[in-house]
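**Q** The structure file final06.txt (compact mmCIF, C-alpha atoms) is provided below.
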# COMPACT_ATOMS: atom_id res chain seq x y z
CA MET S 1 146.70 111.27 103.11
CA ARG S 2 145.55 111.58 99.49
CA ARG S 3 147.81 113.64 97.24
CA ILE S 4 145.98 115.68 94.62
CA LEU S 5 147.46 117.77 91.83
CA ILE S 6 145.22 120.36 90.18
CA LEU S 7 146.47 121.70 86.87
CA GLY S 8 145.18 125.20 87.40
CA GLY S 9 143.45 125.62 90.72
CA THR S 10 143.66 129.36 91.30
CA ALA S 11 140.65 130.48 89.26
CA TRP S 12 136.95 129.84 89.78
CA LEU S 13 136.18 126.11 89.50
CA GLY S 14 139.76 125.00 90.14
CA ARG S 15 139.92 126.98 93.34
CA ALA S 16 136.60 125.49 94.47
CA ILE S 17 137.90 121.96 93.80
CA ALA S 18 141.04 122.72 95.81
CA THR S 19 138.94 124.06 98.68
CA HIS S 20 136.77 120.94 98.83
CA ALA S 21 139.77 118.62 98.57
CA VAL S 22 141.55 120.38 101.43
CA ALA S 23 138.36 120.13 103.50
CA GLN S 24 138.39 116.37 102.92
CA GLY S 25 141.90 116.14 104.35
CA ALA S 26 143.83 115.87 101.09
CA GLU S 27 147.26 117.32 100.42
CA VAL S 28 146.55 119.62 97.47
CA THR S 29 149.04 121.11 95.03
CA CYS S 30 148.04 123.56 92.31
CA LEU S 31 150.22 124.08 89.24
CA ALA S 32 149.46 127.43 87.64
CA ARG S 33 150.91 130.75 86.63
CA GLY S 34 149.03 132.27 89.54
CA GLU S 35 147.73 135.18 87.50
CA SER S 36 144.15 134.45 88.59
CA GLY S 37 145.05 134.65 92.26
CA ASP S 38 146.53 132.55 95.01
CA ALA S 39 145.73 128.93 95.79
CA ALA S 40 142.92 128.11 98.20
CA GLN S 41 143.76 128.18 101.88
CA GLY S 42 145.58 125.00 102.79
CA ALA S 43 146.68 124.24 99.23
CA ARG S 44 150.20 124.68 97.85
CA LEU S 45 150.79 126.72 94.70
CA ILE S 46 153.64 125.93 92.33
CA ARG S 47 153.95 128.74 89.83
CA ALA S 48 154.75 127.54 86.32
CA ASP S 49 153.95 128.38 82.73
CA ARG S 50 152.68 125.19 81.11
CA ALA S 51 153.95 126.39 77.75
CA GLU S 52 157.50 125.96 79.03
CA PRO S 53 159.33 122.59 78.71
CA ALA S 54 160.22 122.53 82.42
CA ALA S 55 156.70 123.33 83.62
CA TYR S 56 156.13 119.93 85.26
CA ASP S 57 159.58 119.38 86.74
CA GLU S 58 158.47 120.11 90.31
CA VAL S 59 155.42 117.83 90.17
CA ARG S 60 156.85 114.68 88.62
CA HIS S 61 155.78 112.62 91.63
CA GLU S 62 153.20 109.95 92.33
CA TRP S 63 149.66 111.33 92.72
CA ASP S 64 146.41 109.81 93.88
CA GLU S 65 144.56 112.22 91.62
CA VAL S 66 145.35 114.68 88.83
CA VAL S 67 142.66 117.17 87.76
CA GLU S 68 143.06 118.78 84.35
CA LEU S 69 141.04 121.97 83.78
CA SER S 70 142.54 123.22 80.53
CA TRP S 71 141.13 122.77 77.03
CA ASP S 72 144.34 123.96 75.36
CA PRO S 73 145.52 121.02 73.19
CA GLY S 74 149.18 121.63 73.96
CA PHE S 75 148.66 121.85 77.70
CA VAL S 76 146.48 118.73 77.82
CA ALA S 77 149.01 116.72 75.79
CA SER S 78 152.07 117.91 77.71
CA ALA S 79 150.43 117.11 81.06
CA LEU S 80 149.62 113.60 79.91
CA ASP S 81 153.17 113.12 78.65
CA ALA S 82 154.62 114.22 81.97
CA LEU S 83 152.14 112.76 84.45
CA ALA S 84 149.80 110.17 82.95
CA ASP S 85 151.77 107.27 84.39
CA ARG S 86 152.14 108.90 87.80
CA ALA S 87 148.46 109.25 88.78
CA ALA S 88 146.16 106.59 90.17
CA HIS S 89 143.14 108.53 88.87
CA TRP S 90 142.83 111.27 86.26
CA THR S 91 139.98 113.76 85.87
CA LEU S 92 139.53 115.87 82.75
CA VAL S 93 137.02 118.65 83.23
CA SER S 94 135.23 118.58 79.90
CA SER S 95 131.92 120.09 78.79
CA VAL S 96 128.49 119.19 77.45
CA SER S 97 129.53 121.35 74.49
CA VAL S 98 131.25 118.23 73.12
CA TYR S 99 127.90 116.93 71.84
CA SER S 100 127.16 117.53 68.17
CA ARG S 101 123.39 117.95 68.60
CA SER S 102 121.39 120.20 70.88
CA ASP S 103 117.90 119.22 69.75
CA MET S 104 117.55 115.90 71.59
CA PRO S 105 116.26 116.20 75.18
CA PHE S 106 117.55 113.73 77.76
CA ALA S 107 120.46 112.51 75.63
CA ASP S 108 123.03 110.62 77.71
CA GLU S 109 126.78 110.18 77.47
CA THR S 110 126.50 107.92 74.41
CA ALA S 111 125.27 110.78 72.21
CA GLU S 112 127.32 111.70 69.14
CA LEU S 113 130.22 114.09 69.67
CA VAL S 114 131.52 116.98 67.62
CA LYS S 115 134.15 115.96 65.08
CA PRO S 116 137.20 118.06 66.02
CA ALA S 117 138.22 119.98 62.91
CA ASP S 118 139.44 123.24 64.44
CA LEU S 119 141.19 122.91 67.79
CA GLY S 120 140.92 126.65 68.25
CA GLN S 121 137.21 126.10 68.87
CA TYR S 122 136.15 125.24 72.40
CA ALA S 123 133.98 122.21 71.59
CA ASP S 124 136.48 120.74 69.15
CA ALA S 125 139.33 121.18 71.63
CA LYS S 126 137.36 119.52 74.42
CA VAL S 127 136.59 116.49 72.24
CA HIS S 128 140.26 116.29 71.28
CA ALA S 129 141.22 116.51 74.97
CA GLU S 130 138.83 113.68 75.80
CA ARG S 131 140.25 111.51 73.03
CA ILE S 132 143.87 111.87 73.96
CA THR S 133 143.10 111.51 77.67
CA SER S 134 141.18 108.29 77.07
CA ALA S 135 143.87 106.97 74.74
CA ARG S 136 146.55 107.55 77.35
CA ARG S 137 144.62 106.66 80.49
CA GLY S 138 142.09 104.16 79.19
CA GLY S 139 139.51 103.21 81.80
CA GLN S 140 141.23 105.16 84.58
CA ALA S 141 140.07 108.59 83.46
CA LEU S 142 136.94 110.54 84.39
CA LEU S 143 135.60 112.81 81.65
CA ALA S 144 133.51 115.27 83.65
CA ARG S 145 131.26 116.89 81.06
CA ALA S 146 130.22 119.97 82.96
CA GLY S 147 127.06 121.85 82.09
CA LEU S 148 126.33 125.49 82.84
CA ILE S 149 128.36 126.33 85.97
CA VAL S 150 126.96 129.11 88.14
CA GLY S 151 127.33 130.69 91.55
CA PRO S 152 129.59 133.15 93.37
CA GLY S 153 132.58 134.30 91.34
CA ASP S 154 131.15 133.34 87.95
CA PRO S 155 133.30 135.16 85.37
CA THR S 156 130.83 134.61 82.51
CA ASP S 157 127.95 136.68 83.97
CA ARG S 158 125.35 134.44 82.35
CA PHE S 159 123.40 133.31 85.40
CA GLY S 160 124.20 136.28 87.64
CA TYR S 161 122.79 138.73 85.10
CA TRP S 162 119.24 137.87 86.11
CA PRO S 163 119.23 138.33 89.90
CA ALA S 164 121.39 141.44 89.44
CA ARG S 165 119.04 142.84 86.82
CA PHE S 166 115.91 142.24 88.90
CA ALA S 167 117.68 143.72 91.91
CA ARG S 168 118.17 146.97 89.99
CA GLY S 169 114.41 147.14 89.50
CA GLY S 170 112.40 149.01 86.89
CA ARG S 171 111.30 147.55 83.55
CA VAL S 172 113.13 144.26 83.01
CA LEU S 173 113.29 142.84 79.49
CA ALA S 174 112.79 139.07 79.35
CA PRO S 175 112.38 136.51 76.55
CA GLU S 176 109.44 134.19 76.08
CA THR S 177 110.01 131.21 78.36
CA ALA S 178 107.55 128.60 77.11
CA GLY S 179 109.42 125.39 76.26
CA ARG S 180 112.78 126.79 77.44
CA HIS S 181 114.87 125.20 80.18
CA VAL S 182 117.99 125.82 82.24
CA GLN S 183 120.35 123.17 83.64
CA ALA S 184 122.69 125.04 85.97
CA ILE S 185 125.01 123.50 88.54
CA ASP S 186 126.40 125.47 91.47
CA VAL S 187 130.19 125.70 91.28
CA ASP S 188 130.58 124.30 94.79
CA ASP S 189 128.30 121.33 94.03
CA LEU S 190 130.34 120.53 90.92
CA ALA S 191 133.61 120.91 92.82
CA ALA S 192 132.39 118.65 95.64
CA TRP S 193 131.40 115.95 93.14
CA ILE S 194 134.72 116.14 91.26
CA GLU S 195 136.55 115.64 94.56
CA LEU S 196 134.24 112.76 95.51
CA ALA S 197 134.49 111.14 92.06
CA GLY S 198 138.27 111.15 92.25
CA ARG S 199 138.22 109.70 95.75
CA THR S 200 135.77 106.92 94.83
CA GLY S 201 137.30 106.14 91.43
CA VAL S 202 134.50 107.20 89.07
CA THR S 203 135.61 106.84 85.44
CA GLY S 204 134.26 107.33 81.95
CA PRO S 205 132.17 110.21 80.60
CA VAL S 206 129.62 111.74 82.98
CA ASN S 207 127.27 114.66 82.33
CA ALA S 208 127.97 116.80 85.41
CA VAL S 209 124.88 118.95 85.09
CA GLY S 210 122.27 120.66 87.19
CA GLU S 211 118.65 119.77 87.62
CA GLU S 212 116.54 120.49 84.54
CA LEU S 213 114.34 123.51 85.33
CA PRO S 214 111.99 125.64 83.23
CA LEU S 215 113.48 129.00 82.30
CA ALA S 216 110.33 130.57 83.72
CA ALA S 217 111.12 129.09 87.14
CA VAL S 218 114.69 130.38 87.05
CA LEU S 219 113.61 133.92 86.15
CA SER S 220 110.89 133.78 88.81
CA ALA S 221 113.47 132.70 91.40
CA ALA S 222 115.76 135.57 90.36
CA ARG S 223 112.90 138.03 90.72
CA GLU S 224 111.78 136.71 94.10
CA THR S 225 115.34 136.66 95.42
CA ALA S 226 115.74 140.30 94.41
CA ARG S 227 112.47 141.20 96.09
CA GLU S 228 113.45 139.40 99.27
CA ALA S 229 116.76 141.24 99.34
CA ALA S 230 114.93 144.54 98.84
CA ARG S 231 112.58 143.76 101.73
CA GLU S 232 115.53 142.95 103.96
CA ALA S 233 117.23 146.20 103.02
CA ALA S 234 114.01 148.13 103.71
CA SER S 235 113.81 146.67 107.21
CA GLU S 236 117.15 148.22 108.21
CA THR S 237 117.32 151.56 109.94
CA ALA S 238 117.24 154.63 107.72
CA ARG S 239 120.83 155.42 108.60
CA ASP S 240 122.12 151.97 107.66
CA ALA S 241 120.01 151.90 104.51
CA ALA S 242 121.42 155.25 103.41
CA ARG S 243 124.96 154.04 104.07
CA GLU S 244 124.31 150.85 102.06
CA ALA S 245 122.88 152.82 99.14
CA ALA S 246 125.91 155.09 99.12
CA ALA S 247 128.38 152.19 99.18
CA HIS S 248 126.62 149.83 96.78
CA ASP S 249 123.88 149.76 94.19
CA ALA S 250 120.58 150.06 96.03
CA PRO S 251 118.19 147.17 95.23
CA GLY S 252 115.18 148.01 93.14
CA THR S 253 111.82 148.15 94.85
CA THR S 254 109.60 148.17 91.76
CA ILE S 255 109.92 145.47 89.10
CA GLU S 256 107.98 145.22 85.86
CA THR S 257 108.84 142.33 83.54
CA VAL S 258 108.39 143.07 79.84
CA THR S 259 108.39 140.01 77.58
CA LEU S 260 109.24 140.12 73.89
CA ASP S 261 109.04 137.22 71.43
CA ASP S 262 112.03 135.67 69.71
CA ASP S 263 111.53 137.31 66.34
CA THR S 264 111.31 140.77 67.89
CA LEU S 265 114.40 140.26 70.04
CA VAL S 266 116.47 138.95 67.13
CA ALA S 267 115.26 141.78 64.87
CA ARG S 268 116.38 144.27 67.51
CA GLY S 269 119.86 142.79 67.69
CA VAL S 270 119.64 140.74 70.88
CA ALA S 271 121.85 137.65 70.96
CA TYR S 272 121.03 134.26 72.45
CA TRP S 273 122.63 132.70 75.53
CA ALA S 274 125.68 134.84 76.37
CA GLY S 275 128.09 137.55 75.31
CA PRO S 276 127.58 141.23 74.54
CA ARG S 277 124.04 142.48 73.87
CA SER S 278 122.49 139.18 74.88
CA LEU S 279 119.72 137.82 77.08
CA PRO S 280 121.60 135.18 79.04
CA LEU S 281 120.20 131.62 79.30
CA TRP S 282 117.79 132.28 76.41
CA LEU S 283 118.24 129.64 73.72
CA PRO S 284 116.60 129.17 70.32
CA GLU S 285 113.84 126.58 70.18
CA SER S 286 116.06 124.42 67.96
CA ALA S 287 118.47 123.98 70.91
CA GLY S 288 115.83 122.53 73.22
CA GLY S 289 118.05 119.62 74.25
CA PHE S 290 121.10 121.65 75.24
CA ALA S 291 119.82 122.32 78.76
CA ARG S 292 118.08 118.97 79.14
CA ARG S 293 120.93 116.45 79.21
CA SER S 294 120.54 113.21 81.12
CA ASP S 295 121.90 113.52 84.66
CA ALA S 296 121.42 109.86 85.61
CA ALA S 297 125.13 109.00 85.70
CA PHE S 298 125.94 112.10 87.74
CA VAL S 299 123.32 111.34 90.37
CA ALA S 300 124.26 107.65 90.47
CA SER S 301 127.91 108.54 91.13
CA GLY S 302 127.07 110.67 94.15
CA GLY S 303 126.32 114.06 92.59
CA ARG S 304 124.25 116.33 94.82
CA ARG S 305 122.75 119.74 94.04
CA ARG S 306 121.52 122.44 96.37
CA SER S 307 118.22 124.19 95.81
CA LEU S 308 117.76 126.83 93.13
CA ALA S 309 116.77 129.32 95.85
CA GLU S 310 120.06 128.82 97.69
CA THR S 311 122.19 129.17 94.57
CA MET S 312 120.23 132.24 93.51
CA ARG S 313 120.74 133.94 96.86
CA ARG S 314 124.45 133.06 96.89
CA THR S 315 124.70 134.53 93.40
CA LEU S 316 122.86 137.74 94.25
CA ASP S 317 124.98 138.30 97.36
CA ASP S 318 128.07 137.96 95.16
CA GLU S 319 126.62 140.24 92.49
CA ARG S 320 125.89 142.95 95.05
CA ALA S 321 129.41 142.67 96.43
CA ARG S 322 130.86 143.08 92.93
CA GLY S 323 128.40 145.82 91.92
CA LEU S 324 125.00 145.39 90.30
CA SER S 325 125.75 147.93 87.59
CA ARG S 326 129.30 146.85 86.80
CA PRO S 327 130.35 146.11 83.19
CA ARG S 328 129.51 142.52 82.27
CA ARG S 329 130.60 139.88 79.80
CA ALA S 330 127.00 138.84 79.15
CA GLY S 331 123.65 140.60 79.03
CA LEU S 332 122.30 143.98 78.03
CA THR S 333 123.62 147.27 79.30
CA PRO S 334 120.94 149.66 80.62
CA ALA S 335 121.23 151.69 77.42
CA GLU S 336 120.88 148.59 75.23
CA GLU S 337 117.89 147.36 77.20
CA ALA S 338 116.18 150.73 76.90
CA GLU S 339 116.85 150.74 73.16
CA VAL S 340 115.35 147.27 72.68
CA LEU S 341 112.32 148.23 74.77
CA GLY S 342 111.90 151.39 72.70
CA VAL S 343 112.14 153.61 75.75
Take the structure in the file and give it back as structure tokens.
**A**
Amino acid sequence: MRRILILGGTAWLGRAIATHAVAQGAEVTCLARGESGDAAQGARLIRADRAEPAAYDEVRHEWDEVVELSWDPGFVASALDALADRAAHWTLVSSVSVYSRSDMPFADETAELVKPADLGQYADAKVHAERITSARRGGQALLARAGLIVGPGDPTDRFGYWPARFARGGRVLAPETAGRHVQAIDVDDLAAWIELAGRTGVTGPVNAVGEELPLAAVLSAARETAREAAREAASETARDAAREAAAHDAPGTTIETVTLDDDTLVARGVAYWAGPRSLPLWLPESAGGFARRSDAAFVASGGRRRSLAETMRRTLDDERARGLSRPRRAGLTPAEEAEVLGV
């Protein structure tokens, strides 16, 4: 039986990796504070604060695989010091944010990286983590450069904003989509590949990204998924529909998309990509290569991706369960959207 240690493993991606590894028959241990929740069913949780000197005492064993999820320089270094020589294979979950340029479509893993000057910055810290992991593990480490991760449980709200917003109905503000793309990978597809890559010994840097899709297609899929959900809700009995509406946000039945150009959105204080007062997934034209990374190495190493329609429906189901109108880490609030639209 393969023995896998996940450094983390109780939050979103880490928990998904643990779930897939358990399903493949592995003995899975998660080392974490446990503040994000419990370990996946079938996995063992060892509670520890990685800032403490004794954090790794209970896991100083031989492992078939160690998966590192952190980008904290101290955590990455201390884990390597304690465990680098005890693992047959090592996976660092990195990011496509390590690349210094975002204007070159279809760039592969040989593209130039950010020069780490400030390890408090995410991209710099990820490059630093890659460097020290490679220096310690050499050719036995996988640098999984994840792209935009989406799906149920997403804490960033970037992708889920759109199906949730269309599901609320009414006038929906959208950016111009011509020339814009999205490269999103479902969290469970990424987790399944990380487990497979560890089991089959994939090493080196790999862009673990989704299929390149036009932003227009992604927004269209979000809209159609919301409409389908509304039709399903309308087909229920009046009693059940009333109960659903009372317990959750009722899906919108009328949708009107209002498109504004980049200059107008920026002038009205709308931010790109993510965060407060943003239109998620919308990128400036100068970043046309950010969501168009080469996925050749990922596909060649066994990476598989479900359809956009399936991921969108999974995401909307999760959004409805969490509340369509809940506070979010990304997107526009109803009041902000109305302000930008001049309502």
**Q** Restricting the calculation to only C-alpha atoms: of S:Ile194, S:Gly288, S:Val127, S:Ala43, which residue gets closest to Val66 of chain S?
**A** S:Ile194
**Q** What is the distance between atom CA of Trp63 of chain S and atom CA of Ala296 of chain S, in Å to one decimal?
**A**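 These two atoms are separated by 29.2 Å.
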**Q** Have a look at S:Ser36, S:Thr10, S:Thr91, S:Gln183 and name the one nearest to Gly138 of chain S; count all atoms listed in the file.
**A** S:Thr91
**Q** What is the atom CA of Leu119 of chain S to atom CA of Gly201 of chain S distance in Å?
**A**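 Atom CA of Leu119 of chain S sits 29.2 Å away from atom CA of Gly201 of chain S.
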**Q** Check which residues of segment 174-200 of chain S sit at most 10 Å from segment 265-279 of chain S using all atoms listed in the file, and return one row each with the closest pair of atoms and their distance in Å to one decimal, ordered by chain and rising number, as JSON lines.
**A**
{"residue": "S:Ala174", "atom": "CA", "partner": "S:Leu279", "partner_atom": "CA", "distance": 7.4}
{"residue": "S:Pro175", "atom": "CA", "partner": "S:Leu279", "partner_atom": "CA", "distance": 7.5}
{"residue": "S:Glu176", "atom": "CA", "partner": "S:Leu265", "partner_atom": "CA", "distance": 9.9}
**Q** Go ahead and write the residues just picked, C-alpha atoms, as a compact mmCIF listing (two decimals), in the coordinates of the input.
**A**
# COMPACT_ATOMS: atom_id res chain seq x y z
CA ALA S 174 112.79 139.07 79.35
CA PRO S 175 112.38 136.51 76.55
CA GLU S 176 109.44 134.19 76.08
**Q** Rounded to one decimal place, report the atom CA of Pro152 of chain S-atom CA of Gly331 of chain S distance in Å.
**A**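 Separation of atom CA of Pro152 of chain S and atom CA of Gly331 of chain S: 17.2 Å.
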**Q** Can you pull out the residues contacting Leu215 of chain S? Cut-off 10 Å, using all atoms listed in the file, and skip same-chain residues under 4 positions away; I want them as number ranges by chain.
**A** S: 175-183, 219-221, 281-283, 291
**Q** Counting only C-alpha atoms, which residue out of S:Ser294, S:Thr225, S:Thr19, S:Ser102 sits closest to Arg165 of chain S?
**A**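 With only C-alpha atoms as the atom set, the closest residue is S:Thr225.
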**Q** Pick from S:Thr156, S:Ser94, S:Thr29, S:Gln121: nearest to Gln41 of chain S, with all atoms listed in the file counted?
**A** S:Thr29
**Q** Which residue out of S:Thr133, S:Thr333, S:Thr259, S:Ser286 has the minimum interatomic distance to Val67 of chain S when all atoms listed in the file are used?
**A**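 Looking at the shortest contact to Val67 of chain S, the residue is S:Thr133.
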**Q** Mind checking which residues fall within 12 Å of Ser100 of chain S, counting only C-alpha atoms, ignoring those fewer than 4 positions away in the same chain, and posting them as a list in words?
**A**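 Non-adjacent residues within range: Ser95, Val96, Met104, Ala107, Glu109, Thr110, Ala111, Glu112, Leu113, Val114, Lys115, Pro116, Ala123, Asp124, Val127, Ala287, Gly289 and Phe290 of chain S.
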**Q** Output C-alpha atoms of each residue in that selection to a file, as a PDB file, keeping the file's coordinate frame.
**A**
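Saved to result-v9.pdb:
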ATOM      1  CA  SER S  95     131.920 120.090  78.790  1.00  0.00           C
ATOM      2  CA  VAL S  96     128.490 119.190  77.450  1.00  0.00           C
ATOM      3  CA  MET S 104     117.550 115.900  71.590  1.00  0.00           C
ATOM      4  CA  ALA S 107     120.460 112.510  75.630  1.00  0.00           C
ATOM      5  CA  GLU S 109     126.780 110.180  77.470  1.00  0.00           C
ATOM      6  CA  THR S 110     126.500 107.920  74.410  1.00  0.00           C
ATOM      7  CA  ALA S 111     125.270 110.780  72.210  1.00  0.00           C
ATOM      8  CA  GLU S 112     127.320 111.700  69.140  1.00  0.00           C
ATOM      9  CA  LEU S 113     130.220 114.090  69.670  1.00  0.00           C
ATOM     10  CA  VAL S 114     131.520 116.980  67.620  1.00  0.00           C
ATOM     11  CA  LYS S 115     134.150 115.960  65.080  1.00  0.00           C
ATOM     12  CA  PRO S 116     137.200 118.060  66.020  1.00  0.00           C
ATOM     13  CA  ALA S 123     133.980 122.210  71.590  1.00  0.00           C
ATOM     14  CA  ASP S 124     136.480 120.740  69.150  1.00  0.00           C
ATOM     15  CA  VAL S 127     136.590 116.490  72.240  1.00  0.00           C
ATOM     16  CA  ALA S 287     118.470 123.980  70.910  1.00  0.00           C
ATOM     17  CA  GLY S 289     118.050 119.620  74.250  1.00  0.00           C
ATOM     18  CA  PHE S 290     121.100 121.650  75.240  1.00  0.00           C
TER      19      PHE S 290
END
**Q** Under the rule that all atoms listed in the file are counted, which of S:Leu80, S:Ala222, S:Ala216, S:Val343 is the nearest residue to Phe159 of chain S?
**A**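 Once distances to Phe159 of chain S are computed over all atoms listed in the file, the minimum belongs to S:Ala222.
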**Q** List the neighbours of Arg15 of chain S out to 10 Å using only C-alpha atoms; skip same-chain residues closer than 2 positions along the sequence, and give me the result as an MDAnalysis selection string.
**A** chainID S and resid 6 8:13 17:21 30 36:41 43 188 191
